[in-house]
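Heads up, data.cif below (mmCIF, C-alpha atoms; chains and numbers go by the auth columns):
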data_data
#
loop_
_atom_site.group_PDB
_atom_site.id
_atom_site.type_symbol
_atom_site.label_atom_id
_atom_site.label_comp_id
_atom_site.label_asym_id
_atom_site.label_seq_id
_atom_site.Cartn_x
_atom_site.Cartn_y
_atom_site.Cartn_z
_atom_site.B_iso_or_equiv
_atom_site.auth_seq_id
_atom_site.auth_asym_id
ATOM 1 C CA MET A 1 -4.608 7.971 60.124 0.00 1 A
ATOM 2 C CA GLN A 2 -8.014 9.257 58.990 0.00 2 A
ATOM 3 C CA ALA A 3 -7.389 7.769 55.538 0.00 3 A
ATOM 4 C CA LEU A 4 -6.590 4.432 57.168 0.00 4 A
ATOM 5 C CA PHE A 5 -9.897 4.411 59.067 0.00 5 A
ATOM 6 C CA GLU A 6 -11.773 5.343 55.883 0.00 6 A
ATOM 7 C CA ASN A 7 -10.124 2.466 54.008 0.00 7 A
ATOM 8 C CA ILE A 8 -11.020 0.035 56.792 0.00 8 A
ATOM 9 C CA SER A 9 -14.591 1.308 56.756 0.00 9 A
ATOM 10 C CA GLN A 10 -14.798 0.802 52.991 0.00 10 A
ATOM 11 C CA ILE A 11 -13.445 -2.728 53.305 0.00 11 A
ATOM 12 C CA ASN A 12 -15.997 -3.568 56.017 0.00 12 A
ATOM 13 C CA THR A 13 -18.799 -2.090 53.932 0.00 13 A
ATOM 14 C CA MET A 14 -17.788 -4.053 50.841 0.00 14 A
ATOM 15 C CA ARG A 15 -17.263 -7.306 52.692 0.00 15 A
ATOM 16 C CA TYR A 16 -20.898 -8.360 52.576 0.00 16 A
ATOM 17 C CA SER A 17 -23.502 -8.057 49.848 0.00 17 A
ATOM 18 C CA PRO A 18 -26.805 -6.221 50.425 0.00 18 A
ATOM 19 C CA ASP A 19 -28.556 -9.598 50.509 0.00 19 A
ATOM 20 C CA HIS A 20 -26.275 -10.698 53.337 0.00 20 A
ATOM 21 C CA LYS A 21 -27.150 -7.614 55.367 0.00 21 A
ATOM 22 C CA VAL A 22 -30.870 -8.162 54.807 0.00 22 A
ATOM 23 C CA GLY A 23 -30.501 -11.784 55.884 0.00 23 A
ATOM 24 C CA ALA A 24 -28.514 -10.809 58.973 0.00 24 A
ATOM 25 C CA ARG A 25 -31.163 -8.250 59.899 0.00 25 A
ATOM 26 C CA ALA A 26 -33.930 -10.830 59.514 0.00 26 A
ATOM 27 C CA ARG A 27 -32.030 -13.308 61.712 0.00 27 A
ATOM 28 C CA LEU A 28 -31.462 -10.580 64.269 0.00 28 A
ATOM 29 C CA ILE A 29 -35.181 -9.748 64.420 0.00 29 A
ATOM 30 C CA GLU A 30 -36.069 -13.424 64.701 0.00 30 A
ATOM 31 C CA ALA A 31 -33.594 -14.196 67.487 0.00 31 A
ATOM 32 C CA THR A 32 -34.253 -11.063 69.497 0.00 32 A
ATOM 33 C CA GLY A 33 -38.008 -11.540 69.104 0.00 33 A
ATOM 34 C CA ALA A 34 -37.791 -14.888 70.867 0.00 34 A
ATOM 35 C CA LEU A 35 -35.621 -13.409 73.617 0.00 35 A
ATOM 36 C CA VAL A 36 -37.796 -10.408 74.412 0.00 36 A
ATOM 37 C CA LYS A 37 -40.994 -12.475 74.402 0.00 37 A
ATOM 38 C CA LYS A 38 -39.404 -14.568 77.132 0.00 38 A
ATOM 39 C CA ASN A 39 -37.513 -11.954 79.174 0.00 39 A
ATOM 40 C CA GLY A 40 -39.132 -8.647 78.239 0.00 40 A
ATOM 41 C CA PHE A 41 -37.781 -5.888 76.018 0.00 41 A
ATOM 42 C CA ALA A 42 -37.004 -3.116 78.485 0.00 42 A
ATOM 43 C CA ALA A 43 -35.127 -5.520 80.742 0.00 43 A
ATOM 44 C CA THR A 44 -32.883 -6.766 77.929 0.00 44 A
ATOM 45 C CA GLY A 45 -29.896 -4.638 76.969 0.00 45 A
ATOM 46 C CA VAL A 46 -28.356 -4.272 73.538 0.00 46 A
ATOM 47 C CA ASP A 47 -25.550 -6.674 74.472 0.00 47 A
ATOM 48 C CA GLY A 48 -28.057 -9.387 75.374 0.00 48 A
ATOM 49 C CA LEU A 49 -30.123 -8.772 72.266 0.00 49 A
ATOM 50 C CA MET A 50 -27.141 -9.027 69.972 0.00 50 A
ATOM 51 C CA ALA A 51 -25.734 -12.063 71.772 0.00 51 A
ATOM 52 C CA ALA A 52 -29.037 -13.852 71.129 0.00 52 A
ATOM 53 C CA ALA A 53 -28.443 -13.337 67.420 0.00 53 A
ATOM 54 C CA GLY A 54 -24.808 -14.378 67.624 0.00 54 A
ATOM 55 C CA LEU A 55 -23.591 -10.867 66.816 0.00 55 A
ATOM 56 C CA THR A 56 -21.504 -8.314 68.664 0.00 56 A
ATOM 57 C CA SER A 57 -23.150 -5.261 70.202 0.00 57 A
ATOM 58 C CA GLY A 58 -21.055 -3.104 67.876 0.00 58 A
ATOM 59 C CA ALA A 59 -23.012 -4.453 64.900 0.00 59 A
ATOM 60 C CA PHE A 60 -26.338 -3.244 66.299 0.00 60 A
ATOM 61 C CA TYR A 61 -26.267 0.218 64.743 0.00 61 A
ATOM 62 C CA SER A 62 -25.500 -1.122 61.292 0.00 62 A
ATOM 63 C CA HIS A 63 -29.032 -2.562 61.348 0.00 63 A
ATOM 64 C CA PHE A 64 -31.035 -0.217 63.602 0.00 64 A
ATOM 65 C CA ARG A 65 -30.837 3.433 64.566 0.00 65 A
ATOM 66 C CA SER A 66 -32.160 2.777 68.056 0.00 66 A
ATOM 67 C CA LYS A 67 -33.432 0.081 70.371 0.00 67 A
ATOM 68 C CA SER A 68 -36.967 1.410 69.799 0.00 68 A
ATOM 69 C CA GLU A 69 -36.604 0.786 66.069 0.00 69 A
ATOM 70 C CA LEU A 70 -35.683 -2.819 66.806 0.00 70 A
ATOM 71 C CA LEU A 71 -38.787 -3.189 68.995 0.00 71 A
ATOM 72 C CA GLU A 72 -40.942 -1.939 66.125 0.00 72 A
ATOM 73 C CA ALA A 73 -39.349 -4.456 63.751 0.00 73 A
ATOM 74 C CA ILE A 74 -39.903 -7.249 66.266 0.00 74 A
ATOM 75 C CA ILE A 75 -43.567 -6.312 66.736 0.00 75 A
ATOM 76 C CA GLU A 76 -44.194 -6.170 62.995 0.00 76 A
ATOM 77 C CA ASN A 77 -42.489 -9.521 62.405 0.00 77 A
ATOM 78 C CA GLU A 78 -44.097 -11.307 65.339 0.00 78 A
ATOM 79 C CA LEU A 79 -47.612 -10.075 64.626 0.00 79 A
ATOM 80 C CA LYS A 80 -47.362 -11.315 61.043 0.00 80 A
ATOM 81 C CA ARG A 81 -46.854 -14.755 62.524 0.00 81 A
ATOM 82 C CA SER A 82 -49.870 -14.430 64.808 0.00 82 A
ATOM 83 C CA ILE A 83 -52.011 -13.159 61.928 0.00 83 A
ATOM 84 C CA GLU A 84 -51.067 -16.199 59.857 0.00 84 A
ATOM 85 C CA LEU A 85 -52.592 -18.457 62.538 0.00 85 A
ATOM 86 C CA PHE A 86 -56.031 -17.263 61.452 0.00 86 A
ATOM 87 C CA SER A 87 -55.412 -16.135 57.891 0.00 87 A
ATOM 88 C CA ASP A 88 -57.699 -17.784 55.321 0.00 88 A
ATOM 89 C CA LYS A 89 -58.639 -20.606 57.669 0.00 89 A
ATOM 90 C CA THR A 90 -61.689 -22.847 57.684 0.00 90 A
ATOM 91 C CA ARG A 91 -63.662 -23.120 60.908 0.00 91 A
ATOM 92 C CA GLU A 92 -61.982 -26.443 61.723 0.00 92 A
ATOM 93 C CA GLN A 93 -58.525 -25.001 61.119 0.00 93 A
ATOM 94 C CA ALA A 94 -59.348 -21.992 63.295 0.00 94 A
ATOM 95 C CA VAL A 95 -60.512 -24.242 66.118 0.00 95 A
ATOM 96 C CA ALA A 96 -57.220 -26.129 65.883 0.00 96 A
ATOM 97 C CA ALA A 97 -55.294 -22.824 65.987 0.00 97 A
ATOM 98 C CA ILE A 98 -57.253 -21.747 69.062 0.00 98 A
ATOM 99 C CA LYS A 99 -56.501 -25.056 70.751 0.00 99 A
ATOM 100 C CA GLY A 100 -52.799 -24.492 70.155 0.00 100 A
ATOM 101 C CA TYR A 101 -52.955 -20.877 71.299 0.00 101 A
ATOM 102 C CA LEU A 102 -54.699 -21.845 74.542 0.00 102 A
ATOM 103 C CA SER A 103 -52.352 -24.727 75.266 0.00 103 A
ATOM 104 C CA PRO A 104 -50.111 -25.237 78.312 0.00 104 A
ATOM 105 C CA ALA A 105 -47.157 -25.283 75.908 0.00 105 A
ATOM 106 C CA HIS A 106 -47.908 -21.749 74.686 0.00 106 A
ATOM 107 C CA VAL A 107 -48.220 -20.567 78.268 0.00 107 A
ATOM 108 C CA ALA A 108 -44.945 -22.230 79.275 0.00 108 A
ATOM 109 C CA HIS A 109 -42.935 -21.097 76.239 0.00 109 A
ATOM 110 C CA PRO A 110 -43.577 -17.438 75.401 0.00 110 A
ATOM 111 C CA GLU A 111 -40.408 -17.330 73.294 0.00 111 A
ATOM 112 C CA SER A 112 -42.044 -19.487 70.624 0.00 112 A
ATOM 113 C CA GLY A 113 -45.552 -18.050 70.856 0.00 113 A
ATOM 114 C CA CYS A 114 -47.614 -14.962 70.125 0.00 114 A
ATOM 115 C CA ALA A 115 -46.015 -11.630 70.980 0.00 115 A
ATOM 116 C CA VAL A 116 -49.210 -9.904 72.088 0.00 116 A
ATOM 117 C CA PRO A 117 -49.522 -11.500 75.565 0.00 117 A
ATOM 118 C CA SER A 118 -45.794 -11.025 76.152 0.00 118 A
ATOM 119 C CA LEU A 119 -45.233 -7.502 74.894 0.00 119 A
ATOM 120 C CA ALA A 120 -48.567 -5.652 75.154 0.00 120 A
ATOM 121 C CA PRO A 121 -47.793 -4.209 78.631 0.00 121 A
ATOM 122 C CA GLU A 122 -44.441 -2.851 77.419 0.00 122 A
ATOM 123 C CA ILE A 123 -45.922 -1.496 74.201 0.00 123 A
ATOM 124 C CA ALA A 124 -48.414 0.476 76.306 0.00 124 A
ATOM 125 C CA ARG A 125 -45.409 2.432 77.637 0.00 125 A
ATOM 126 C CA ALA A 126 -43.623 2.686 74.280 0.00 126 A
ATOM 127 C CA SER A 127 -43.566 5.512 71.750 0.00 127 A
ATOM 128 C CA GLU A 128 -46.594 6.465 69.679 0.00 128 A
ATOM 129 C CA SER A 129 -44.959 5.126 66.500 0.00 129 A
ATOM 130 C CA THR A 130 -44.374 1.758 68.192 0.00 130 A
ATOM 131 C CA GLN A 131 -47.968 1.671 69.388 0.00 131 A
ATOM 132 C CA TYR A 132 -49.184 2.509 65.885 0.00 132 A
ATOM 133 C CA ILE A 133 -47.339 -0.496 64.410 0.00 133 A
ATOM 134 C CA PHE A 134 -48.801 -2.667 67.159 0.00 134 A
ATOM 135 C CA GLU A 135 -52.288 -1.320 66.470 0.00 135 A
ATOM 136 C CA GLN A 136 -52.045 -2.116 62.766 0.00 136 A
ATOM 137 C CA GLY A 137 -51.024 -5.684 63.526 0.00 137 A
ATOM 138 C CA VAL A 138 -53.775 -6.209 66.089 0.00 138 A
ATOM 139 C CA LEU A 139 -56.368 -4.777 63.693 0.00 139 A
ATOM 140 C CA GLU A 140 -55.227 -7.188 60.989 0.00 140 A
ATOM 141 C CA LEU A 141 -55.448 -10.061 63.468 0.00 141 A
ATOM 142 C CA LYS A 142 -58.992 -9.007 64.354 0.00 142 A
ATOM 143 C CA ASP A 143 -59.898 -8.706 60.663 0.00 143 A
ATOM 144 C CA GLN A 144 -58.734 -12.257 59.962 0.00 144 A
ATOM 145 C CA ILE A 145 -60.890 -13.563 62.796 0.00 145 A
ATOM 146 C CA ARG A 146 -63.797 -11.411 61.611 0.00 146 A
ATOM 147 C CA LYS A 147 -63.800 -13.357 58.351 0.00 147 A
ATOM 148 C CA LEU A 148 -64.723 -16.394 60.445 0.00 148 A
ATOM 149 C CA VAL A 149 -67.354 -14.852 62.718 0.00 149 A
ATOM 150 C CA ARG A 150 -68.636 -12.069 60.413 0.00 150 A
ATOM 151 C CA ASP A 151 -68.897 -9.571 63.239 0.00 151 A
ATOM 152 C CA ASP A 152 -66.419 -7.027 64.635 0.00 152 A
ATOM 153 C CA ALA A 153 -67.569 -7.318 68.245 0.00 153 A
ATOM 154 C CA LYS A 154 -67.264 -11.111 68.214 0.00 154 A
ATOM 155 C CA ALA A 155 -63.849 -10.907 66.549 0.00 155 A
ATOM 156 C CA TRP A 156 -62.601 -8.472 69.206 0.00 156 A
ATOM 157 C CA SER A 157 -64.017 -10.713 71.913 0.00 157 A
ATOM 158 C CA ILE A 158 -62.047 -13.671 70.588 0.00 158 A
ATOM 159 C CA VAL A 159 -58.807 -11.664 70.336 0.00 159 A
ATOM 160 C CA VAL A 160 -59.108 -10.384 73.891 0.00 160 A
ATOM 161 C CA GLN A 161 -60.093 -13.757 75.350 0.00 161 A
ATOM 162 C CA LEU A 162 -57.157 -15.508 73.685 0.00 162 A
ATOM 163 C CA VAL A 163 -54.589 -12.907 74.719 0.00 163 A
ATOM 164 C CA GLY A 164 -56.007 -12.376 78.190 0.00 164 A
ATOM 165 C CA ALA A 165 -56.206 -16.088 78.956 0.00 165 A
ATOM 166 C CA VAL A 166 -52.533 -16.603 78.121 0.00 166 A
ATOM 167 C CA MET A 167 -51.463 -13.513 80.084 0.00 167 A
ATOM 168 C CA VAL A 168 -53.392 -14.553 83.200 0.00 168 A
ATOM 169 C CA ALA A 169 -52.377 -18.215 82.929 0.00 169 A
ATOM 170 C CA ARG A 170 -48.707 -17.227 82.926 0.00 170 A
ATOM 171 C CA GLY A 171 -49.204 -15.617 86.319 0.00 171 A
ATOM 172 C CA LEU A 172 -50.856 -18.644 87.922 0.00 172 A
ATOM 173 C CA PRO A 173 -48.606 -20.998 89.925 0.00 173 A
ATOM 174 C CA SER A 174 -51.140 -23.822 89.994 0.00 174 A
ATOM 175 C CA GLU A 175 -51.136 -26.109 86.964 0.00 175 A
ATOM 176 C CA GLN A 176 -54.678 -27.187 87.765 0.00 176 A
ATOM 177 C CA THR A 177 -55.929 -23.600 87.735 0.00 177 A
ATOM 178 C CA ARG A 178 -54.075 -22.812 84.501 0.00 178 A
ATOM 179 C CA LYS A 179 -55.609 -25.807 82.756 0.00 179 A
ATOM 180 C CA ALA A 180 -59.099 -24.940 84.002 0.00 180 A
ATOM 181 C CA LEU A 181 -58.707 -21.358 82.762 0.00 181 A
ATOM 182 C CA LEU A 182 -57.446 -22.392 79.333 0.00 182 A
ATOM 183 C CA LYS A 183 -60.147 -25.051 78.927 0.00 183 A
ATOM 184 C CA GLY A 184 -62.927 -22.684 79.930 0.00 184 A
ATOM 185 C CA VAL A 185 -61.816 -19.909 77.591 0.00 185 A
ATOM 186 C CA ALA A 186 -61.304 -22.388 74.739 0.00 186 A
ATOM 187 C CA GLN A 187 -64.897 -23.568 75.125 0.00 187 A
ATOM 188 C CA GLN A 188 -66.237 -20.015 75.085 0.00 188 A
ATOM 189 C CA VAL A 189 -64.159 -18.963 72.073 0.00 189 A
ATOM 190 C CA LYS A 190 -65.138 -22.085 70.154 0.00 190 A
ATOM 191 C CA GLN A 191 -68.797 -21.341 70.891 0.00 191 A
ATOM 192 C CA ILE A 192 -68.490 -17.763 69.593 0.00 192 A
ATOM 193 C CA LEU A 193 -66.690 -19.050 66.511 0.00 193 A
ATOM 194 C CA GLU A 194 -69.326 -21.662 65.749 0.00 194 A
ATOM 195 C CA GLU A 195 -72.256 -19.312 66.360 0.00 195 A
ATOM 196 C CA GLY A 196 -70.773 -16.634 64.180 0.00 196 A
ATOM 197 C CA SER A 197 -69.543 -18.675 61.260 0.00 197 A
ATOM 198 C CA GLY A 198 -72.731 -20.485 60.326 0.00 198 A
ATOM 199 C CA PRO A 199 -72.647 -23.763 58.358 0.00 199 A
ATOM 200 C CA SER A 200 -69.123 -24.798 57.351 0.00 200 A
#

Have the structure of the file written as structure tokens, please.
Amino acid sequence: MQALFENISQINTMRYSPDHKVGARARLIEATGALVKKNGFAATGVDGLMAAAGLTSGAFYSHFRSKSELLEAIIENELKRSIELFSDKTREQAVAAIKGYLSPAHVAHPESGCAVPSLAPEIARASESTQYIFEQGVLELKDQIRKLVRDDAKAWSIVVQLVGAVMVARGLPSEQTRKALLKGVAQQVKQILEEGSGPS
């Protein structure tokens, strides 16, 4: 019987190429990233995470050793996306990115937006290794913005205003108040950006 199980295991292992497994892992990170940004990570079980990727829960441990390892992969992947919003951008392109970030659509659809407003509170309660990955991503995001404003303090100010505005707006039931908040923060961030970047 043991030999039978070993043969089945070998067949399952040989069924897919390494490239297939890498692709499946990437799709899993992508799908689960969208889910946890919308519903939260701690509140979503392995079954729900795997269902979002169209996989069975039994396949989870062929990609990740633990749920925490998946969270780290999600954070790394999602922050790369946020960093790209401001990577090697002109002032005009950055202003357009800020407008999109501080939009009602971003507030209403966390699953397709930046992970920082959605996951920062959970990451604060996560393991030190998870927090370290988060820190590296946030630092890179700040560094990309610093290229535009040429000052660390101003770059941090922009990061915090963007993230904080989206977090607070998601808790406001009034559409009018949300819009006023987003518009006000957008004006302030644009002013910091223009003052810090000099002639374009």

Item to check | Residue among A:Ser118, A:Asn77, A:Gln188, A:Thr90 lying closest to Val163 in chain A, counting all atoms listed in the file | outcome: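 Under the stated criterion, the closest residue is A:Ser118.
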
Kindly compute an axis-aligned box around the listed atoms of range 178-195 of chain A, allowing 6 Å on each side, and express its centre and edge lengths in Å to one decimal as AutoDock Vina command-line options.
--center_x -63.2 --center_y -21.8 --center_z 75.1 --size_x 30.2 --size_y 20.0 --size_z 30.8

Checklist entry - Which residues fall under the PyMOL selection byres ((chain A and resi 38) around 9) in this file, as a list of chain:residue names? => result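 Applying the expression gives A:Gly33, A:Ala34, A:Leu35, A:Val36, A:Lys37, A:Asn39, A:Gly40, A:Phe41, A:His109, A:Pro110, A:Glu111, A:Ser112, A:Ser118.
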
Output C-alpha atoms for every residue in the selection just made, as a CSV table (one decimal), in the frame of the given file.
chain,number,residue,atom,x,y,z
A,33,GLY,CA,-38.0,-11.5,69.1
A,34,ALA,CA,-37.8,-14.9,70.9
A,35,LEU,CA,-35.6,-13.4,73.6
A,36,VAL,CA,-37.8,-10.4,74.4
A,37,LYS,CA,-41.0,-12.5,74.4
A,39,ASN,CA,-37.5,-12.0,79.2
A,40,GLY,CA,-39.1,-8.6,78.2
A,41,PHE,CA,-37.8,-5.9,76.0
A,109,HIS,CA,-42.9,-21.1,76.2
A,110,PRO,CA,-43.6,-17.4,75.4
A,111,GLU,CA,-40.4,-17.3,73.3
A,112,SER,CA,-42.0,-19.5,70.6
A,118,SER,CA,-45.8,-11.0,76.2

Checklist entry - the PyMOL selection byres ((chain A and resi 52) around 8) on the file shown: which residues, as a PyMOL selection string? => result chain A and resi 28+31-32+35+48-51+53-55

Item to check | Selected residue, from A:Phe134, A:Phe86, A:Trp156, A:Phe60, that lies nearest to Val116 in chain A when counting all atoms listed in the file | outcome: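 Nearest to Val116 in chain A: A:Phe134.
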
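CA of Phe64 in chain A is found 15.2 Å from CA of Ser129 in chain A.
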
Item to check | Given the PyMOL selection byres ((chain A and resi 104) around 8), the residues it picks as JSON, numbers by chain | outcome: {"A": [102, 103, 105, 106, 107, 108, 178, 179, 182]}

Keeping C-alpha atoms for every residue in the selection just given, could you write it to a file as a PDB file, in the coordinates of the input?
ATOM      1  CA  LEU A 102     -54.699 -21.845  74.542  1.00  0.00           C
ATOM      2  CA  SER A 103     -52.352 -24.727  75.266  1.00  0.00           C
ATOM      3  CA  ALA A 105     -47.157 -25.283  75.908  1.00  0.00           C
ATOM      4  CA  HIS A 106     -47.908 -21.749  74.686  1.00  0.00           C
ATOM      5  CA  VAL A 107     -48.220 -20.567  78.268  1.00  0.00           C
ATOM      6  CA  ALA A 108     -44.945 -22.230  79.275  1.00  0.00           C
ATOM      7  CA  ARG A 178     -54.075 -22.812  84.501  1.00  0.00           C
ATOM      8  CA  LYS A 179     -55.609 -25.807  82.756  1.00  0.00           C
ATOM      9  CA  LEU A 182     -57.446 -22.392  79.333  1.00  0.00           C
TER      10      LEU A 182
END

Closest atom pairs, range 8-115 of chain A residues within 10 Å of range 138-153 of chain A, only C-alpha atoms, as JSON lines:
{"residue": "A:Leu79", "atom": "CA", "partner": "A:Val138", "partner_atom": "CA", "distance": 7.4}
{"residue": "A:Lys80", "atom": "CA", "partner": "A:Leu141", "partner_atom": "CA", "distance": 8.5}
{"residue": "A:Arg81", "atom": "CA", "partner": "A:Leu141", "partner_atom": "CA", "distance": 9.8}
{"residue": "A:Ser82", "atom": "CA", "partner": "A:Leu141", "partner_atom": "CA", "distance": 7.2}
{"residue": "A:Ile83", "atom": "CA", "partner": "A:Leu141", "partner_atom": "CA", "distance": 4.9}
{"residue": "A:Glu84", "atom": "CA", "partner": "A:Leu141", "partner_atom": "CA", "distance": 8.4}
{"residue": "A:Leu85", "atom": "CA", "partner": "A:Leu141", "partner_atom": "CA", "distance": 8.9}
{"residue": "A:Phe86", "atom": "CA", "partner": "A:Gln144", "partner_atom": "CA", "distance": 5.9}
{"residue": "A:Ser87", "atom": "CA", "partner": "A:Gln144", "partner_atom": "CA", "distance": 5.5}
{"residue": "A:Asp88", "atom": "CA", "partner": "A:Gln144", "partner_atom": "CA", "distance": 7.3}
{"residue": "A:Lys89", "atom": "CA", "partner": "A:Leu148", "partner_atom": "CA", "distance": 7.9}
{"residue": "A:Thr90", "atom": "CA", "partner": "A:Leu148", "partner_atom": "CA", "distance": 7.6}
{"residue": "A:Arg91", "atom": "CA", "partner": "A:Leu148", "partner_atom": "CA", "distance": 6.8}
{"residue": "A:Ala94", "atom": "CA", "partner": "A:Leu148", "partner_atom": "CA", "distance": 8.3}

Item to check | Proximity to Ala115 in chain A - best of A:Thr56, A:Met167, A:Ala43, A:Glu194, all atoms listed in the file | outcome: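 So, comparing all the options, the nearest one is A:Met167.
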
Checklist entry - Which value, in Å to one decimal, gives the distance between CA of Ile192 in chain A and CA of Glu175 in chain A? => result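 Pair CA of Ile192 in chain A / CA of Glu175 in chain A returns 25.9 Å.
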